Amino acid sequence: MIEEEYQSNKISLTSEGVYEVERLIEKRKIKGIDYFLVLWKGYSKEEASWVPYWDITELAIQLFHEPQPVKRAILDAVSTFSVAIQSSLRAGLLAKRAVTLEFPRNVFKYLFQDKGTLVKGKPGKLYERGDFSSEFFNELHFSCYNKDGDGCFVTFPIYMYSHIKFCHQSFDSDGRKLNRSFTETLSLKLIKSYCHQ
């Protein structure tokens, strides 16, 4: 099936009609019922809404659990990841060991689903070098050298946690709550090592 057809099958069926879903972002249980944060096709993040599972097609829910992001989205996310890691490595051994960046959750799930080791009492996982697909990641993503051959590199495992970060609650001039936007966020904690030529 071509990509356009695949993407257009994600719809939500509600009492008000049929709406096209760009992507399901997050899942939460509210009073025992699964709700999904729906990013509607053609609408801003502020207009995303929590929808019960029964108003969402099975295909959209399947794509939430087993995403198939377009390759461009994967490559862009990996580039953003690389820039953040390189910035941390250039800062030296002790600085910027905690890194936060925007990273689409569907891409994270596609790249790292069923990988990593759970960390007791923490929401994220520890990832080894082998958990980073060689199709998208190479050694240059995890090391940085100067012209003299001295460098800093990531020592594995890396702690990573993909989550949604909501903006602060805003109000209009009449004091009514406005919908909050969100950022799909990846938080990393690195151990860095130094190498001298």
# chains A, B, ... in the order shown; residues from 1 in each chain; ligands from 1
call {"tool": "residues_around", "arguments": {"residues": "stretch 178-190 of chain A", "least_positions_apart": "3", "cutoff": "7 Å", "atoms": "only C-alpha atoms", "output": "list in words"}}
result
Lys45, Glu46, Glu47, Arg97, Ala98, Val99, Thr100, Leu101, Glu102, Phe103, Pro104, Arg105, Val154, Ile158, Tyr159, Met160, Tyr161, Ser162, His163, Ile164, Lys165, Phe166, Cys167, Gln169, Ser170, Phe171 and Asp172 of chain A
call {"tool": "residues_around", "arguments": {"residues": "stretch 127-133 of chain A", "least_positions_apart": "4", "cutoff": "8 Å", "atoms": "only C-alpha atoms", "output": "list of chain:residue names"}}
result
A:Leu111, A:Phe112, A:Lys115, A:Gly116, A:Thr117, A:Phe137, A:Phe156, A:Pro157, A:Ile158, A:Tyr159, A:Met160
call {"tool": "write_last_selection", "arguments": {"atoms": "C-alpha atoms", "output": "mmCIF file, in the first residue's frame"}}
result
data_model
loop_
_atom_site.group_PDB
_atom_site.id
_atom_site.type_symbol
_atom_site.label_atom_id
_atom_site.label_comp_id
_atom_site.auth_asym_id
_atom_site.auth_seq_id
_atom_site.Cartn_x
_atom_site.Cartn_y
_atom_site.Cartn_z
ATOM 1 C CA LEU A 111 13.273 2.999 16.555
ATOM 2 C CA PHE A 112 13.346 1.655 20.130
ATOM 3 C CA LYS A 115 14.617 -2.446 23.191
ATOM 4 C CA GLY A 116 16.427 -1.218 26.270
ATOM 5 C CA THR A 117 16.469 -2.337 29.883
ATOM 6 C CA PHE A 137 22.837 5.716 13.631
ATOM 7 C CA PHE A 156 26.906 3.237 26.902
ATOM 8 C CA PRO A 157 24.310 2.640 28.180
ATOM 9 C CA ILE A 158 22.349 5.865 27.615
ATOM 10 C CA TYR A 159 19.271 6.549 29.741
ATOM 11 C CA MET A 160 16.353 7.736 27.576
#
call {"tool": "residues_around", "arguments": {"residues": "A:His196", "least_positions_apart": "3", "cutoff": "7 Å", "atoms": "only C-alpha atoms", "output": "list in words"}}
result
Gly149, Asp150 and Gly151 of chain A
call {"tool": "select_by_dssp", "arguments": {"residues": "stretch 3-174 of chain A", "states": "helix (DSSP H, G or I)", "output": "VMD selection string"}}
result
chain A and resid 3 to 8 45 to 47 53 to 55 58 to 65 71 to 90 105 to 112 129 to 131 139 to 142
call {"tool": "atom_distance", "arguments": {"atom1": "atom CA of A:Gly175", "atom2": "atom CA of A:Ile30"}}
result
26.2 Å
